[in-house]
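> Just start_35.txt, nothing more (compact mmCIF, C-alpha atoms and all ligand atoms):
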```
# COMPACT_ATOMS: atom_id res chain seq x y z
CA MET A 394 -0.90 -16.97 10.01
CA GLN A 395 2.17 -17.91 7.96
CA PRO A 396 0.96 -17.98 4.32
CA PHE A 397 4.32 -19.05 2.87
CA ALA A 398 5.79 -22.16 4.45
CA LEU A 399 7.91 -25.16 3.53
CA ARG A 400 6.15 -28.45 2.86
CA ASN A 401 8.22 -31.45 1.89
CA GLY A 402 11.14 -29.12 1.38
CA VAL A 403 9.34 -26.82 -1.08
CA LEU A 404 7.99 -23.37 -0.33
CA HIS A 405 4.21 -23.23 -0.66
CA ALA A 406 1.70 -20.40 -0.79
CA GLU A 407 -1.08 -21.82 1.38
CA GLY A 408 -1.60 -25.26 -0.22
CA VAL A 409 0.07 -24.54 -3.57
CA SER A 410 3.73 -25.21 -4.37
CA LEU A 411 5.55 -22.15 -5.71
CA GLU A 412 7.32 -24.51 -8.14
CA THR A 413 3.94 -25.39 -9.61
CA ILE A 414 3.06 -21.73 -10.04
CA ALA A 415 6.44 -20.90 -11.62
CA GLU A 416 6.04 -23.76 -14.09
CA ALA A 417 2.49 -22.82 -14.98
CA VAL A 418 2.84 -19.05 -15.17
CA GLY A 419 6.57 -18.40 -15.60
CA THR A 420 8.73 -15.94 -13.68
CA PRO A 421 8.89 -13.26 -12.43
CA VAL A 422 5.44 -13.53 -10.87
CA TYR A 423 3.80 -12.02 -7.81
CA VAL A 424 1.96 -14.57 -5.67
CA TYR A 425 -0.60 -13.52 -3.06
CA SER A 426 -2.48 -15.37 -0.32
CA ARG A 427 -6.17 -14.62 0.00
CA THR A 428 -6.43 -16.27 3.41
CA TYR A 429 -3.67 -14.04 4.74
CA PHE A 430 -5.50 -10.92 3.53
CA GLU A 431 -8.68 -12.10 5.23
CA ASN A 432 -6.87 -12.82 8.50
CA ARG A 433 -5.19 -9.45 8.58
CA TYR A 434 -8.46 -7.66 7.95
CA GLN A 435 -10.02 -9.56 10.83
CA THR A 436 -7.01 -8.74 13.05
CA ILE A 437 -7.69 -5.03 12.64
CA LEU A 438 -11.42 -5.47 13.24
CA ASN A 439 -10.68 -7.40 16.44
CA ALA A 440 -8.31 -4.75 17.77
CA MET A 441 -10.92 -2.05 17.08
CA ALA A 442 -13.87 -4.05 18.39
CA LYS A 443 -14.83 -1.35 20.89
CA LEU A 444 -15.06 1.25 18.15
CA ASN A 445 -17.48 1.95 15.35
CA VAL A 446 -14.84 1.29 12.69
CA VAL A 447 -14.80 1.17 8.90
CA ILE A 448 -11.64 -0.15 7.23
CA CYS A 449 -11.00 1.65 3.96
CA TYR A 450 -8.30 -0.42 2.26
CA ALA A 451 -5.63 1.85 0.72
CA VAL A 452 -5.85 0.77 -2.91
CA LYS A 453 -2.40 2.16 -3.71
CA ALA A 454 -0.72 -0.66 -1.76
CA ASN A 455 -1.95 -3.33 -4.16
CA SER A 456 -4.63 -2.44 -6.65
CA ASN A 457 -5.08 -5.76 -8.45
CA LEU A 458 -8.80 -6.31 -9.04
CA GLY A 459 -8.60 -9.78 -7.49
CA VAL A 460 -7.16 -8.28 -4.32
CA LEU A 461 -9.73 -5.48 -4.26
CA ARG A 462 -12.47 -8.09 -4.61
CA CYS A 463 -11.14 -9.94 -1.53
CA PHE A 464 -11.50 -6.81 0.56
CA ALA A 465 -14.86 -5.80 -0.94
CA ASN A 466 -16.18 -9.27 -0.03
CA LEU A 467 -15.06 -8.68 3.55
CA GLY A 468 -17.08 -5.46 3.66
CA ALA A 469 -14.18 -3.02 3.34
CA GLY A 470 -14.43 0.50 2.06
CA PHE A 471 -11.61 1.91 -0.07
CA ASP A 472 -9.15 4.78 0.15
CA ILE A 473 -8.22 6.00 -3.33
CA VAL A 474 -5.83 8.67 -4.61
CA SER A 475 -6.70 8.95 -8.29
CA GLY A 476 -9.48 8.65 -10.83
CA GLY A 477 -7.79 5.48 -12.02
CA GLU A 478 -8.04 3.86 -8.59
CA LEU A 479 -11.66 4.99 -8.41
CA GLN A 480 -12.38 3.23 -11.69
CA ARG A 481 -10.72 0.07 -10.42
CA VAL A 482 -12.92 0.07 -7.32
CA ILE A 483 -16.06 0.76 -9.34
CA SER A 484 -15.18 -1.95 -11.85
CA ILE A 485 -15.39 -4.64 -9.15
CA GLY A 486 -18.84 -3.39 -8.17
CA ALA A 487 -17.86 -1.77 -4.86
CA ALA A 488 -20.24 0.87 -3.50
CA PRO A 489 -18.99 4.42 -4.30
CA ALA A 490 -20.42 5.56 -0.96
CA ARG A 491 -17.71 3.45 0.78
CA VAL A 492 -14.90 5.30 -0.98
CA VAL A 493 -12.78 8.12 0.46
CA PHE A 494 -10.63 10.13 -1.93
CA SER A 495 -7.22 11.32 -0.65
CA GLY A 496 -4.37 13.10 -2.46
CA VAL A 497 -2.98 16.60 -2.90
CA GLY A 498 -3.57 17.02 -6.63
CA LYS A 499 -7.15 16.05 -7.49
CA SER A 500 -7.85 17.21 -11.04
CA VAL A 501 -11.17 18.63 -12.27
CA THR A 502 -11.77 15.41 -14.21
CA GLU A 503 -11.18 13.29 -11.12
CA ILE A 504 -13.38 15.47 -8.92
CA ASP A 505 -16.19 15.39 -11.48
CA LEU A 506 -16.01 11.61 -11.78
CA ALA A 507 -16.11 11.23 -8.00
CA LEU A 508 -19.07 13.62 -7.72
CA LYS A 509 -21.03 11.89 -10.46
CA LEU A 510 -20.43 8.47 -8.92
CA GLY A 511 -21.31 9.74 -5.45
CA ILE A 512 -18.23 8.82 -3.39
CA GLY A 513 -18.39 8.81 0.40
CA CYS A 514 -15.94 11.62 1.13
CA PHE A 515 -13.30 13.89 -0.35
CA ASN A 516 -10.28 14.13 1.96
CA VAL A 517 -9.44 17.75 1.16
CA GLU A 518 -5.77 18.74 1.31
CA SER A 519 -5.82 22.54 0.78
CA ALA A 520 -7.96 25.68 0.71
CA ALA A 521 -7.61 25.80 -3.08
CA GLU A 522 -8.87 22.23 -3.40
CA LEU A 523 -11.87 23.02 -1.19
CA ASP A 524 -12.74 25.92 -3.53
CA ARG A 525 -12.37 23.73 -6.59
CA ILE A 526 -14.56 20.95 -5.18
CA ALA A 527 -17.25 23.47 -4.17
CA ALA A 528 -17.21 25.06 -7.64
CA ARG A 529 -17.42 21.70 -9.45
CA ALA A 530 -20.20 20.47 -7.16
CA GLU A 531 -22.19 23.63 -7.76
CA LEU A 532 -21.77 23.31 -11.52
CA LEU A 533 -22.91 19.67 -11.45
CA SER A 534 -25.75 20.39 -8.97
CA LYS A 535 -24.22 18.03 -6.43
CA VAL A 536 -23.33 18.33 -2.79
CA ALA A 537 -19.77 17.18 -2.10
CA PRO A 538 -19.14 15.32 1.19
CA ILE A 539 -15.85 16.58 2.63
CA SER A 540 -13.30 16.00 5.33
CA ILE A 541 -10.29 18.25 5.91
CA ARG A 542 -6.91 16.52 6.09
CA ILE A 543 -5.02 17.95 9.02
CA ASN A 544 -1.25 18.03 9.02
CA PRO A 545 -0.70 17.62 12.78
CA ASP A 546 3.06 18.25 12.59
CA VAL A 547 4.01 15.09 14.48
CA ASP A 548 7.12 13.06 13.77
CA ALA A 549 6.15 9.57 12.64
CA ASN A 550 9.78 8.47 12.79
CA THR A 551 9.86 6.67 9.45
CA HIS A 552 11.74 6.89 6.12
CA PRO A 553 11.67 10.55 4.96
CA TYR A 554 10.00 9.61 1.62
CA ILE A 555 7.01 8.09 3.41
CA SER A 556 6.66 10.55 6.30
CA THR A 557 3.66 12.77 5.62
CA GLY A 558 2.59 14.46 8.86
CA LEU A 559 5.34 17.04 9.37
CA LYS A 560 4.87 20.68 8.51
CA GLU A 561 7.58 20.44 5.84
CA ASN A 562 5.58 17.73 4.05
CA LYS A 563 3.18 18.71 1.26
CA PHE A 564 0.15 17.02 2.82
CA GLY A 565 -2.89 18.44 4.61
CA VAL A 566 -3.50 21.82 6.23
CA PRO A 567 -2.12 23.05 9.56
CA ALA A 568 -4.42 22.56 12.55
CA THR A 569 -4.55 26.35 12.96
CA HIS A 570 -6.23 26.78 9.54
CA ALA A 571 -8.74 24.02 10.00
CA ILE A 572 -11.50 25.92 11.77
CA ASP A 573 -11.64 28.60 9.06
CA LEU A 574 -11.91 25.99 6.34
CA TYR A 575 -14.67 24.12 8.18
CA ARG A 576 -16.60 27.37 8.67
CA GLN A 577 -16.29 28.05 4.96
CA ALA A 578 -17.41 24.51 4.10
CA ALA A 579 -20.34 24.62 6.51
CA ALA A 580 -21.52 27.87 4.92
CA SER A 581 -21.38 26.44 1.37
CA GLU A 582 -24.51 24.86 -0.12
CA SER A 583 -22.34 22.69 -2.35
CA LEU A 584 -20.37 21.12 0.49
CA SER A 585 -21.41 18.84 3.30
CA VAL A 586 -19.02 18.52 6.24
CA ARG A 587 -18.57 14.84 7.13
CA GLY A 588 -15.21 14.18 8.68
CA ILE A 589 -11.71 15.06 9.69
CA ASP A 590 -8.65 13.10 8.62
CA CYS A 591 -4.90 12.68 8.73
CA HIS A 592 -2.25 10.27 7.55
CA ILE A 593 1.09 10.92 9.18
CA GLY A 594 3.25 8.38 7.41
CA SER A 595 3.72 4.78 6.38
CA GLN A 596 5.52 1.84 8.04
CA LEU A 597 5.09 3.33 11.54
CA ASP A 598 6.48 1.20 14.34
CA THR A 599 4.95 2.94 17.35
CA VAL A 600 1.50 4.02 18.45
CA ALA A 601 2.59 7.27 20.14
CA PRO A 602 2.68 9.60 17.08
CA LEU A 603 -0.71 8.30 15.91
CA ALA A 604 -2.21 8.84 19.36
CA GLU A 605 -0.74 12.33 19.42
CA ALA A 606 -2.25 13.09 16.01
CA CYS A 607 -5.62 11.67 17.09
CA ALA A 608 -5.69 13.96 20.12
CA ILE A 609 -4.98 16.97 17.90
CA LEU A 610 -7.82 16.04 15.55
CA LEU A 611 -10.26 15.46 18.40
CA GLU A 612 -9.48 18.88 19.82
CA ILE A 613 -10.57 20.36 16.50
CA VAL A 614 -13.69 18.14 16.51
CA ASP A 615 -14.65 19.56 19.92
CA GLN A 616 -14.04 23.14 18.83
CA LEU A 617 -16.21 22.56 15.77
CA GLU A 618 -18.95 21.02 17.88
CA SER A 619 -19.08 24.22 19.94
CA LEU A 620 -19.57 26.06 16.63
CA HIS A 621 -22.42 23.64 15.79
CA ILE A 622 -20.41 21.94 13.06
CA HIS A 623 -20.83 18.22 13.61
CA ILE A 624 -18.11 15.79 12.52
CA GLU A 625 -19.43 12.31 11.72
CA HIS A 626 -16.13 10.51 11.32
CA ILE A 627 -12.47 10.73 12.21
CA ASP A 628 -10.16 9.11 9.65
CA MET A 629 -6.72 8.25 11.06
CA GLY A 630 -5.26 7.15 7.71
CA GLY A 631 -3.03 4.10 7.42
CA GLY A 632 0.60 3.66 8.36
CA LEU A 633 0.50 0.50 10.47
CA GLY A 634 3.98 -0.98 10.15
CA VAL A 635 4.83 -4.59 9.36
CA SER A 636 7.83 -6.79 9.91
CA TYR A 637 10.15 -7.13 6.90
CA ARG A 638 13.08 -8.55 8.82
CA ASP A 639 12.95 -8.86 12.58
CA GLU A 640 11.12 -5.63 13.43
CA GLU A 641 8.31 -5.85 15.97
CA GLU A 642 4.87 -5.83 14.39
CA PHE A 643 2.88 -2.65 14.97
CA ASP A 644 0.99 -3.01 18.25
CA LEU A 645 -2.60 -2.91 17.03
CA GLU A 646 -4.11 -3.81 20.37
CA THR A 647 -2.49 -0.82 22.05
CA TYR A 648 -3.51 1.40 19.14
CA GLY A 649 -7.12 0.23 19.51
CA ARG A 650 -7.03 0.90 23.26
CA HIS A 651 -5.57 4.40 22.76
CA LEU A 652 -8.12 5.30 20.10
CA ALA A 653 -11.01 4.03 22.23
CA ALA A 654 -9.77 6.02 25.23
CA LEU A 655 -9.21 9.19 23.22
CA ILE A 656 -12.54 9.04 21.39
CA GLY A 657 -14.37 8.23 24.64
CA GLU A 658 -18.09 8.94 24.57
CA ARG A 659 -18.04 11.04 21.41
CA ASP A 660 -20.59 10.04 18.80
CA ILE A 661 -18.08 9.57 15.99
CA LYS A 662 -17.23 6.85 13.54
CA LEU A 663 -13.59 5.76 13.06
CA LEU A 664 -12.16 5.27 9.59
CA LEU A 665 -8.78 3.63 8.98
CA GLU A 666 -6.91 3.47 5.67
CA PRO A 667 -4.44 0.59 6.06
CA GLY A 668 -2.61 -0.68 3.02
CA ARG A 669 0.70 -2.32 3.88
CA PHE A 670 -0.56 -4.00 7.07
CA LEU A 671 -3.20 -5.90 5.10
CA VAL A 672 -1.14 -7.08 2.16
CA ALA A 673 2.67 -6.74 2.52
CA ASN A 674 3.42 -10.12 4.07
CA GLY A 675 0.71 -11.84 2.04
CA GLY A 676 2.74 -11.60 -1.16
CA VAL A 677 6.03 -12.79 -2.63
CA LEU A 678 7.83 -12.06 -5.87
CA LEU A 679 8.93 -15.32 -7.41
CA THR A 680 12.05 -15.10 -9.57
CA ARG A 681 14.53 -17.49 -11.20
CA VAL A 682 18.32 -17.30 -11.16
CA GLU A 683 19.52 -16.69 -14.73
CA TYR A 684 23.27 -16.57 -14.16
CA LEU A 685 25.76 -16.78 -11.35
CA LYS A 686 28.75 -14.47 -11.48
CA PRO A 687 31.02 -15.61 -8.67
CA GLN A 688 33.80 -13.25 -7.77
CA ALA A 689 36.70 -13.00 -10.24
CA THR A 690 39.14 -11.96 -7.51
CA PRO A 691 38.73 -11.70 -3.72
CA GLU A 692 37.99 -7.97 -4.11
CA HIS A 693 34.97 -8.63 -6.37
CA LYS A 694 31.47 -9.56 -5.21
CA ASN A 695 29.34 -12.58 -6.00
CA PHE A 696 26.37 -11.67 -8.15
CA ALA A 697 23.30 -13.78 -8.75
CA VAL A 698 21.50 -12.32 -11.77
CA VAL A 699 17.80 -13.14 -11.50
CA ASP A 700 14.94 -12.52 -13.94
CA ALA A 701 13.20 -9.93 -11.70
CA ALA A 702 14.53 -6.39 -11.51
CA MET A 703 14.00 -2.93 -10.10
CA ASN A 704 11.20 -2.40 -12.63
CA ASP A 705 9.32 -5.30 -10.98
CA LEU A 706 10.08 -4.44 -7.35
CA LEU A 707 11.39 -0.90 -6.83
CA ARG A 708 11.47 -0.78 -3.04
CA PRO A 709 15.09 -1.91 -2.51
CA ALA A 710 16.41 0.60 -5.09
CA LEU A 711 14.16 3.49 -4.04
CA TYR A 712 14.09 3.22 -0.25
CA GLN A 713 17.00 0.84 0.41
CA ALA A 714 14.21 -1.43 1.67
CA TRP A 715 15.18 -4.85 2.99
CA HIS A 716 13.27 -7.86 1.63
CA ASP A 717 14.11 -11.37 2.70
CA VAL A 718 15.09 -13.69 -0.17
CA VAL A 719 14.61 -17.41 0.31
CA PRO A 720 15.10 -20.43 -1.95
CA VAL A 721 11.88 -22.14 -3.00
CA LYS A 722 13.57 -25.54 -2.54
CA ALA A 723 15.04 -25.93 0.92
CA GLN A 724 18.80 -26.25 0.81
CA ALA A 725 20.16 -29.44 2.27
CA ASP A 726 23.64 -28.24 2.98
CA ALA A 727 24.39 -24.83 4.45
CA ALA A 728 28.08 -25.51 3.81
CA ASP A 729 27.55 -24.51 0.15
CA GLU A 730 26.36 -21.06 1.17
CA GLN A 731 28.12 -18.01 -0.18
CA CYS A 732 27.46 -14.33 0.09
CA TRP A 733 25.48 -13.08 -2.93
CA ASP A 734 24.11 -9.80 -4.22
CA ILE A 735 20.78 -10.58 -5.88
CA VAL A 736 20.56 -8.31 -8.91
CA GLY A 737 18.32 -7.91 -11.95
CA PRO A 738 18.97 -7.55 -15.69
CA VAL A 739 18.34 -3.76 -15.78
CA CYS A 740 21.27 -1.62 -16.87
CA GLU A 741 21.86 0.27 -13.61
CA SER A 742 23.98 -0.51 -10.59
CA GLY A 743 20.96 0.57 -8.52
CA ASP A 744 19.13 -2.47 -9.88
CA PHE A 745 19.27 -4.87 -6.98
CA LEU A 746 16.76 -6.81 -4.94
CA ALA A 747 19.06 -7.68 -2.06
CA HIS A 748 22.64 -7.21 -0.97
CA GLU A 749 24.93 -9.71 0.74
CA ARG A 750 22.67 -12.69 1.35
CA HIS A 751 24.04 -16.04 2.42
CA LEU A 752 22.55 -18.62 0.09
CA ALA A 753 23.60 -21.79 -1.70
CA LEU A 754 22.69 -20.95 -5.29
CA SER A 755 22.76 -22.60 -8.69
CA ALA A 756 21.62 -21.19 -12.02
CA GLY A 757 17.97 -22.06 -12.59
CA ASP A 758 17.05 -21.95 -8.89
CA LEU A 759 13.76 -20.39 -7.91
CA LEU A 760 13.86 -17.67 -5.25
CA ALA A 761 11.05 -15.97 -3.38
CA VAL A 762 11.43 -12.31 -2.46
CA LEU A 763 9.27 -12.01 0.63
CA SER A 764 6.97 -9.24 1.93
CA ALA A 765 6.25 -8.09 -1.61
CA GLY A 766 2.45 -7.86 -1.39
CA ALA A 767 2.42 -4.10 -0.74
CA TYR A 768 3.93 -1.43 -2.98
CA GLY A 769 5.40 -4.12 -5.23
CA MET A 770 3.45 -4.59 -8.45
CA VAL A 771 1.85 -1.14 -8.12
CA GLN A 772 5.27 0.52 -8.36
CA SER A 773 6.44 -1.62 -11.29
CA SER A 774 7.32 -0.06 -14.62
CA ASN A 775 8.31 -0.90 -18.16
CA TYR A 776 11.86 0.37 -17.75
CA ASN A 777 14.14 -1.34 -20.29
CA THR A 778 10.92 -2.28 -22.15
CA ARG A 779 10.42 -5.09 -19.69
CA GLY A 780 6.88 -6.39 -19.38
CA ARG A 781 5.31 -6.21 -15.96
CA PRO A 782 5.11 -9.58 -14.18
CA ALA A 783 2.02 -11.73 -13.85
CA GLU A 784 0.05 -11.86 -10.59
CA VAL A 785 -1.43 -14.95 -8.99
CA LEU A 786 -3.91 -15.20 -6.14
CA VAL A 787 -3.85 -18.39 -4.08
CA ASP A 788 -6.84 -19.60 -2.13
CA GLY A 789 -6.25 -22.85 -0.22
CA SER A 790 -5.12 -25.42 -2.77
CA ASN A 791 -6.28 -23.37 -5.76
CA PHE A 792 -4.64 -20.55 -7.62
CA GLN A 793 -5.77 -18.10 -10.23
CA VAL A 794 -3.84 -15.79 -12.55
CA VAL A 795 -5.37 -12.44 -11.60
CA ARG A 796 -3.22 -10.54 -14.07
CA ARG A 797 -1.48 -12.04 -17.06
CA ARG A 798 2.11 -11.22 -17.86
CA GLU A 799 2.48 -8.10 -19.96
CA THR A 800 3.83 -8.67 -23.47
CA THR A 801 5.98 -6.33 -25.52
CA MET A 802 3.01 -5.94 -27.88
CA ASP A 803 0.96 -4.59 -24.95
CA GLN A 804 3.53 -1.81 -24.71
CA LEU A 805 4.02 -1.12 -28.42
CA ARG A 806 0.28 -0.88 -28.99
CA LEU A 807 0.22 2.52 -27.26
CA GLU A 808 2.86 4.10 -29.46
CA LEU A 809 2.77 5.69 -32.90
CA ASN A 810 4.59 3.32 -35.23
CA GLU A 811 4.54 4.82 -38.69
CA GLY A 812 7.03 6.52 -41.04
N1 LIG B 901 -3.76 6.82 3.34
C1 LIG B 901 -3.03 7.75 2.72
C2 LIG B 901 -3.58 9.10 2.54
C3 LIG B 901 -1.75 7.44 2.24
O1 LIG B 901 -1.01 8.37 1.62
C4 LIG B 901 -1.24 6.11 2.42
C5 LIG B 901 0.10 5.75 1.93
C6 LIG B 901 -2.06 5.17 3.07
C7 LIG B 901 -3.31 5.57 3.53
C8 LIG B 901 -1.63 3.75 3.30
O2 LIG B 901 -0.50 3.67 4.10
P1 LIG B 901 -0.01 2.25 4.67
O3 LIG B 901 -1.08 1.70 5.59
O4 LIG B 901 0.20 1.36 3.51
O5 LIG B 901 1.24 2.57 5.37
N2 LIG B 901 5.67 3.23 -1.56
C9 LIG B 901 6.02 3.27 -0.17
C10 LIG B 901 4.81 3.57 0.71
C11 LIG B 901 4.10 4.84 0.33
C12 LIG B 901 2.90 5.12 1.20
C13 LIG B 901 2.13 6.28 0.69
N3 LIG B 901 0.90 6.55 1.36
C14 LIG B 901 6.70 1.96 0.22
O6 LIG B 901 6.93 1.11 -0.64
O7 LIG B 901 7.11 1.79 1.37
```
What's the structure tokens form of this structure?
Ligand code: LLP

Amino acid sequence: MQPFALRNGVLHAEGVSLETIAEAVGTPVYVYSRTYFENRYQTILNAMAKLNVVICYAVKANSNLGVLRCFANLGAGFDIVSGGELQRVISIGAAPARVVFSGVGKSVTEIDLALKLGIGCFNVESAAELDRIAARAELLSKVAPISIRINPDVDANTHPYISTGLKENKFGVPATHAIDLYRQAAASESLSVRGIDCHIGSQLDTVAPLAEACAILLEIVDQLESLHIHIEHIDMGGGLGVSYRDEEEFDLETYGRHLAALIGERDIKLLLEPGRFLVANGGVLLTRVEYLKPQATPEHKNFAVVDAAMNDLLRPALYQAWHDVVPVKAQADAADEQCWDIVGPVCESGDFLAHERHLALSAGDLLAVLSAGAYGMVQSSNYNTRGRPAEVLVDGSNFQVVRRRETTMDQLRLELNEG
């Protein structure tokens, strides 16, 4: 499904013109397609049809309540990494039992909240965390459901910042330590062993490292079974890559086939924690050209200064990520095209959305930065005291502002402002 397409020469999100949204809500604004989210969710379910699968949407990818509600309505569980994300999920009425809690630094406050609410599983990242969870559960007279996150030491072949399954990464425990931790957990009255998990990295383009990791986890499952420690679920994390430019989409069908073959006859549920795959290409960041700065001499560059910046979409600056930038109004004449750097108003040369794009631009033009549905708004900041953008969710020919634009007063409210 192509959620953003030209109709009568104007880019639309499903049935709604992006010009209409820009006029109604202003720019910059994130625009998401509900139908796209639903289709992607179904695509994963289809590929995993042979398996007893639960999709736990990785809230960190896009945590807007409107987006979370879409996935809750589809029956998704949620993968969270903070007390804040837990509160978001609870606030939309999702069942705590469908929540898994990942992350290397769970605080006492976060653990207590999760225990009191009765989440589905703690994905434990270290021996020290296991001790802390057991102690808090005992104190609160609860039994904590746990899974141990294994660091399988496989190379996911992705950007170093988002690779998480190598031994030099901070995540999980080595496979060789796992059995001891499970024995300890099984012996504790405050812990209940439920699963085993991993997440080896994000934006993965091949199935092989995931299959390798799955085999390593299943070997541990079998060893535990022989020790009479039963594992109810295997959680393979997220990581399914998407196409930002002309990359091949992650081959979900093959992944499903590999997982089914590896799991075989074992009585085990499969959990997945996809984020990017579900939302990245279902969102755009809509921005307007403020000024054009064509080159002063042949050695200079052409800059198009737009009203969105690195504080709105950090991915290009942080990971040198490539996002396509397209005009909202189709350009009649490619002859007017020039090579532009699309930059924001923030006072840093690292503030760019795209380098060297061939576009025919005029001041006032609307541009759509594509593939911005994942790790866009969630990584935004108030740098330069800029308000975060609004967010809009489109459904067919309707749209709804699911987060209003942040005002400067929203920011000042939190600060002490007296003599
Ligand atoms: N589960 C765990 C434990 C994770 O750490 C992550 C992502 C996911 C699931 C979801 O991964 P996905 O399916 O979205 O690949 N900010 C970066 C991506 C950071 C990913 C961190 N962990 C970016 O903009 O590319």
> Do a neighbour search on Ser500 in chain A at 12 Å with only C-alpha atoms, toss out local chain neighbours closer than 4 positions, and write the hits as a tab-separated table (two decimals) with C-alpha atoms, in the frame of the given file.

```tsv
chain	number	residue	atom	x	y	z
A	474	VAL	CA	-5.83	8.67	-4.61
A	475	SER	CA	-6.70	8.95	-8.29
A	476	GLY	CA	-9.48	8.65	-10.83
A	477	GLY	CA	-7.79	5.48	-12.02
A	494	PHE	CA	-10.63	10.13	-1.93
A	495	SER	CA	-7.22	11.32	-0.65
A	496	GLY	CA	-4.37	13.10	-2.46
A	504	ILE	CA	-13.38	15.47	-8.92
A	505	ASP	CA	-16.19	15.39	-11.48
A	506	LEU	CA	-16.01	11.61	-11.78
A	507	ALA	CA	-16.11	11.23	-8.00
A	521	ALA	CA	-7.61	25.80	-3.08
A	522	GLU	CA	-8.87	22.23	-3.40
A	525	ARG	CA	-12.37	23.73	-6.59
A	526	ILE	CA	-14.56	20.95	-5.18
A	529	ARG	CA	-17.42	21.70	-9.45
```
> Applying 8 Å and all atoms listed in the file, which residues near Phe471 in chain A remain after dropping the ones on its own chain fewer than 2 positions away? List them as a PDB file with C-alpha atoms, in the frame of the given file.

```pdb
ATOM      1  CA  ILE A 448     -11.640  -0.150   7.230  1.00  0.00           C
ATOM      2  CA  CYS A 449     -11.000   1.650   3.960  1.00  0.00           C
ATOM      3  CA  TYR A 450      -8.300  -0.420   2.260  1.00  0.00           C
ATOM      4  CA  ALA A 451      -5.630   1.850   0.720  1.00  0.00           C
ATOM      5  CA  VAL A 452      -5.850   0.770  -2.910  1.00  0.00           C
ATOM      6  CA  ALA A 469     -14.180  -3.020   3.340  1.00  0.00           C
ATOM      7  CA  ILE A 473      -8.220   6.000  -3.330  1.00  0.00           C
ATOM      8  CA  VAL A 482     -12.920   0.070  -7.320  1.00  0.00           C
ATOM      9  CA  ARG A 491     -17.710   3.450   0.780  1.00  0.00           C
ATOM     10  CA  VAL A 492     -14.900   5.300  -0.980  1.00  0.00           C
ATOM     11  CA  VAL A 493     -12.780   8.120   0.460  1.00  0.00           C
ATOM     12  CA  GLU A 666      -6.910   3.470   5.670  1.00  0.00           C
TER      13      GLU A 666
END
```
> Record the distance separating CA of Gly558 in chain A and CA of Thr436 in chain A, expressed in Å with one decimal.
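Calculated distance between CA of Gly558 in chain A and CA of Thr436 in chain A is 25.5 Å.
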> Do you have the CA of Ala604 in chain A-CA of Leu652 in chain A distance handy?
6.9 Å
> Might you pull out every residue within 7 Å of range 770-773 of chain A, with only C-alpha atoms counted and same-chain residues fewer than 4 positions away left off, and present them as a PyMOL selection string?
chain A and resi 453-456+704-707+781
